[in-house]
Amino acid sequence: MILYDKIKAKYSKDEIKKFLGGPTGRKLWREDDKIYPTYISSRINLLELNYTMEEFIQDYKKIIDKYLEKEMYYQLFINGFKINDIRTKFNLETQLYAYLLRGFDYNGVTRNMHLAFDSLGIVVDISPFTVDLYKTHIELFGQKEDLEKFKDRYGIKWELWYEPYRKSWHLAFNGCLAEYIRSKKAG
């Protein structure tokens with residue numbers, strides 16, 4: 001496995017046993033068995049190993065194939081998080097695992113989900129838009145094509161509308177993506 005080779009190239013046998021514990025460290029060293037990826041990543045800093053997503057998919061294909069949100073799962077893994085760690089850290093409902101399996105719902109209203117975006121590696125670029133914040137939703141104003149791309153990228157369920165007073169297209173929506181944008185604009 002690529003991950004095991006990178007770990008063995010960086011750390012000694014004793015260091016690996018210290019990080020992973022004796023039995024698991026020996027398994028890794030001998031490559032006896034596949035060790036669950038988050039067990040390794042929660043104990044060894046994989047960012048230092050330059051372990052790519054492509055390498056991760058190659059090493060753990062059977063595990064990662066069940067996730068629709070492969071990039072998010074990789075981000076959790078490479079940063080040393082377990083799904084339950086994120087759920088606990090941000091006081092989330094149990095929906096995160098379902099989102100990783102079936103696809104992330106940016107329209108969803110899971111409590112505190114917007115707080116986990118950075119840990120999940122979710123990048124939201126709102127630079128082409130003007131943002132209006134309201135109590136129940138947000139509105140993005142900008143070019144129709146840019147708004148359509150944004151809507152498609154994040155699976156926004158609401159339609160684009162032309163605002164004659166501002167002479168601009170806009171997209172109004174709520175959910176965890178809206179809360180994330182609100183928190184970034186406010187903070």
# chains A, B, ... in the order shown; residues from 1 in each chain; ligands from 1
>>> select_by_dssp(residues="stretch 10-61 of chain A", states="alpha helix (DSSP H)", output="compact mmCIF listing (two decimals) with C-alpha atoms, in the first residue's frame")
# COMPACT_ATOMS: atom_id res chain seq x y z
CA LYS A 10 9.28 8.67 7.18
CA LYS A 13 9.53 0.78 13.22
CA ASP A 14 9.56 1.91 16.87
CA GLU A 15 7.96 5.27 16.04
CA ILE A 16 5.18 3.53 14.11
CA LYS A 17 4.51 1.18 17.05
CA LYS A 18 4.46 4.20 19.37
CA PHE A 19 1.92 6.04 17.18
CA LEU A 20 -0.36 3.10 16.39
CA GLY A 22 2.30 -2.42 19.19
CA PRO A 23 -0.06 -4.86 17.43
CA THR A 24 -1.32 -2.35 14.85
CA GLY A 25 2.16 -0.95 14.27
CA ARG A 26 3.44 -4.46 13.54
CA LYS A 27 0.52 -5.06 11.14
CA LEU A 28 1.41 -1.90 9.25
CA TRP A 29 5.10 -2.72 9.16
CA ARG A 30 4.47 -6.25 7.84
CA PRO A 37 -7.83 4.52 7.39
CA THR A 38 -9.17 6.80 10.13
CA TYR A 39 -7.34 4.76 12.78
CA ILE A 40 -4.08 5.69 11.07
CA SER A 41 -4.97 9.30 10.27
CA MET A 53 -6.61 11.59 -2.83
CA GLU A 54 -5.69 9.44 -5.84
CA GLU A 55 -3.35 7.39 -3.64
CA PHE A 56 -6.05 7.15 -0.99
CA ILE A 57 -8.59 5.85 -3.52
CA GLN A 58 -6.07 3.32 -4.80
CA ASP A 59 -5.26 2.06 -1.29
CA LYS A 61 -11.01 1.61 -2.95
>>> closest_atom_pairs(of="stretch 53-78 of chain A", to="stretch 113-118 of chain A", cutoff="12 Å", atoms="only C-alpha atoms", output="Markdown table")
| residue | atom | partner | partner_atom | distance |
| --- | --- | --- | --- | --- |
| A:Met72 | CA | A:Phe117 | CA | 9.4 |
| A:Gln75 | CA | A:Asp118 | CA | 9.5 |
| A:Leu76 | CA | A:Asp118 | CA | 10.1 |
>>> select_by_dssp(residues="stretch 125-167 of chain A", states="strand (DSSP E)", output="number ranges by chain")
A: 130-133, 138-142, 160-163
>>> residues_around(residues="A:Lys6", least_positions_apart="6", cutoff="9 Å", atoms="only C-alpha atoms", output="ChimeraX atom specification")
/A:49-51
>>> write_last_selection(atoms="N, CA, C and O atoms", output="PDB file, in the first residue's frame")
ATOM      1  N   LEU A  49       2.961  13.741   4.837  1.00  0.00           N
ATOM      2  CA  LEU A  49       3.360  12.674   3.923  1.00  0.00           C
ATOM      3  C   LEU A  49       3.000  12.948   2.465  1.00  0.00           C
ATOM      4  O   LEU A  49       3.336  12.159   1.590  1.00  0.00           O
ATOM      5  N   ASN A  50       2.290  14.046   2.221  1.00  0.00           N
ATOM      6  CA  ASN A  50       1.822  14.362   0.863  1.00  0.00           C
ATOM      7  C   ASN A  50       1.057  13.191   0.245  1.00  0.00           C
ATOM      8  O   ASN A  50       1.284  12.808  -0.898  1.00  0.00           O
ATOM      9  N   TYR A  51       0.171  12.636   1.018  1.00  0.00           N
ATOM     10  CA  TYR A  51      -0.649  11.498   0.588  1.00  0.00           C
ATOM     11  C   TYR A  51      -1.867  12.040  -0.153  1.00  0.00           C
ATOM     12  O   TYR A  51      -2.714  12.685   0.428  1.00  0.00           O
TER      13      TYR A  51
END
>>> closest_residue(among="A:Pro128, A:Leu177, A:Gly142, A:Tyr165", to="A:Phe104", atoms="only C-alpha atoms")
A:Leu177
>>> atom_distance(atom1="atom CA of A:Asp65", atom2="atom CA of A:Phe90")
26.1 Å
>>> closest_residue(among="A:Lys8, A:Arg166, A:Lys62, A:His137", to="A:Val109", atoms="only C-alpha atoms")
A:His137
>>> closest_residue(among="A:Trp158, A:Tyr97, A:Tyr73, A:Tyr106", to="A:Gly175", atoms="only C-alpha atoms")
A:Tyr106
>>> atom_distance(atom1="atom CA of A:Leu100", atom2="atom CA of A:Ser42")
18.7 Å
>>> closest_residue(among="A:Arg153, A:Asp33, A:Asn174, A:Asn79", to="A:Thr110", atoms="only C-alpha atoms")
A:Asn174
>>> atom_distance(atom1="atom CA of A:Ile181", atom2="atom CA of A:Tyr67")
25.5 Å
>>> residues_around(residues="A:Arg87", least_positions_apart="5", cutoff="9 Å", atoms="only C-alpha atoms", output="list in words")
Lys82, Leu92, Glu93, Thr94, Gln95, Leu96, Met113 and Ala116 of chain A
>>> decode(residues="stretch 96-137 of chain A", atoms="N, CA and C atoms", output="compact mmCIF listing (two decimals), in the first residue's frame")
# COMPACT_ATOMS: atom_id res chain seq x y z
N LEU A 96 -24.55 13.57 9.01
CA LEU A 96 -23.29 13.71 8.29
C LEU A 96 -22.92 12.42 7.56
N TYR A 97 -23.03 11.29 8.22
CA TYR A 97 -22.70 10.02 7.57
C TYR A 97 -23.59 9.80 6.34
N ALA A 98 -24.87 10.10 6.46
CA ALA A 98 -25.78 9.95 5.32
C ALA A 98 -25.38 10.90 4.19
N TYR A 99 -24.98 12.12 4.52
CA TYR A 99 -24.54 13.07 3.50
C TYR A 99 -23.32 12.54 2.76
N LEU A 100 -22.38 11.96 3.48
CA LEU A 100 -21.18 11.42 2.85
C LEU A 100 -21.53 10.25 1.93
N LEU A 101 -22.47 9.43 2.36
CA LEU A 101 -22.87 8.27 1.55
C LEU A 101 -23.67 8.66 0.32
N ARG A 102 -24.67 9.53 0.49
CA ARG A 102 -25.65 9.79 -0.56
C ARG A 102 -25.48 11.11 -1.29
N GLY A 103 -24.62 11.96 -0.78
CA GLY A 103 -24.42 13.28 -1.38
C GLY A 103 -24.82 14.37 -0.39
N PHE A 104 -24.04 15.41 -0.38
CA PHE A 104 -24.25 16.50 0.57
C PHE A 104 -25.44 17.34 0.15
N ASP A 105 -26.31 17.65 1.09
CA ASP A 105 -27.49 18.47 0.82
C ASP A 105 -27.24 19.88 1.35
N TYR A 106 -26.87 20.77 0.45
CA TYR A 106 -26.58 22.15 0.83
C TYR A 106 -27.84 22.92 1.18
N ASN A 107 -28.99 22.37 0.84
CA ASN A 107 -30.27 22.98 1.20
C ASN A 107 -30.72 22.51 2.58
N GLY A 108 -30.07 21.50 3.11
CA GLY A 108 -30.47 20.89 4.38
C GLY A 108 -30.36 21.86 5.54
N VAL A 109 -31.14 21.57 6.54
CA VAL A 109 -31.18 22.45 7.71
C VAL A 109 -30.67 21.74 8.97
N THR A 110 -29.74 20.81 8.79
CA THR A 110 -29.15 20.12 9.93
C THR A 110 -28.49 21.14 10.85
N ARG A 111 -28.83 21.07 12.11
CA ARG A 111 -28.31 22.02 13.10
C ARG A 111 -26.77 22.04 13.08
N ASN A 112 -26.20 23.21 12.94
CA ASN A 112 -24.76 23.48 13.01
C ASN A 112 -23.94 22.90 11.86
N MET A 113 -24.57 22.36 10.84
CA MET A 113 -23.81 21.77 9.74
C MET A 113 -22.88 22.78 9.08
N HIS A 114 -23.31 24.03 9.02
CA HIS A 114 -22.47 25.06 8.40
C HIS A 114 -21.14 25.24 9.12
N LEU A 115 -21.09 24.90 10.40
CA LEU A 115 -19.85 25.02 11.16
C LEU A 115 -18.81 23.99 10.74
N ALA A 116 -19.26 22.90 10.15
CA ALA A 116 -18.36 21.81 9.75
C ALA A 116 -17.81 21.97 8.34
N PHE A 117 -18.25 22.97 7.59
CA PHE A 117 -17.83 23.10 6.18
C PHE A 117 -16.32 23.12 6.02
N ASP A 118 -15.62 23.91 6.82
CA ASP A 118 -14.17 24.02 6.69
C ASP A 118 -13.49 22.67 6.96
N SER A 119 -13.95 21.96 7.98
CA SER A 119 -13.38 20.65 8.31
C SER A 119 -13.65 19.62 7.22
N LEU A 120 -14.73 19.80 6.48
CA LEU A 120 -15.08 18.88 5.40
C LEU A 120 -14.43 19.28 4.07
N GLY A 121 -13.68 20.37 4.09
CA GLY A 121 -13.00 20.81 2.87
C GLY A 121 -13.93 21.47 1.87
N ILE A 122 -15.06 21.96 2.32
CA ILE A 122 -16.02 22.61 1.41
C ILE A 122 -15.57 24.05 1.19
N VAL A 123 -15.34 24.39 -0.07
CA VAL A 123 -14.91 25.73 -0.44
C VAL A 123 -16.07 26.39 -1.18
N VAL A 124 -16.46 27.57 -0.73
CA VAL A 124 -17.57 28.29 -1.34
C VAL A 124 -17.06 29.65 -1.80
N ASP A 125 -17.08 29.86 -3.11
CA ASP A 125 -16.61 31.13 -3.67
C ASP A 125 -17.81 32.00 -4.01
N ILE A 126 -17.99 33.07 -3.25
CA ILE A 126 -19.09 34.00 -3.52
C ILE A 126 -18.57 35.33 -4.05
N SER A 127 -17.30 35.35 -4.44
CA SER A 127 -16.69 36.61 -4.89
C SER A 127 -17.39 37.24 -6.10
N PRO A 128 -18.00 36.48 -7.02
CA PRO A 128 -18.65 37.15 -8.15
C PRO A 128 -20.01 37.77 -7.79
N PHE A 129 -20.44 37.62 -6.56
CA PHE A 129 -21.81 38.02 -6.19
C PHE A 129 -21.85 39.11 -5.13
N THR A 130 -22.96 39.82 -5.14
CA THR A 130 -23.32 40.70 -4.04
C THR A 130 -24.26 39.88 -3.16
N VAL A 131 -24.06 39.94 -1.85
CA VAL A 131 -24.83 39.11 -0.93
C VAL A 131 -25.72 40.00 -0.06
N ASP A 132 -27.01 39.66 -0.01
CA ASP A 132 -27.94 40.29 0.92
C ASP A 132 -28.35 39.25 1.95
N LEU A 133 -28.25 39.60 3.22
CA LEU A 133 -28.60 38.69 4.30
C LEU A 133 -29.97 39.05 4.86
N TYR A 134 -30.81 38.06 5.01
CA TYR A 134 -32.13 38.22 5.62
C TYR A 134 -32.26 37.21 6.75
N LYS A 135 -33.26 37.39 7.57
CA LYS A 135 -33.44 36.52 8.74
C LYS A 135 -33.67 35.06 8.32
N THR A 136 -34.44 34.82 7.28
CA THR A 136 -34.82 33.46 6.90
C THR A 136 -34.06 32.90 5.70
N HIS A 137 -33.28 33.74 5.00
CA HIS A 137 -32.59 33.29 3.80
C HIS A 137 -31.50 34.29 3.43
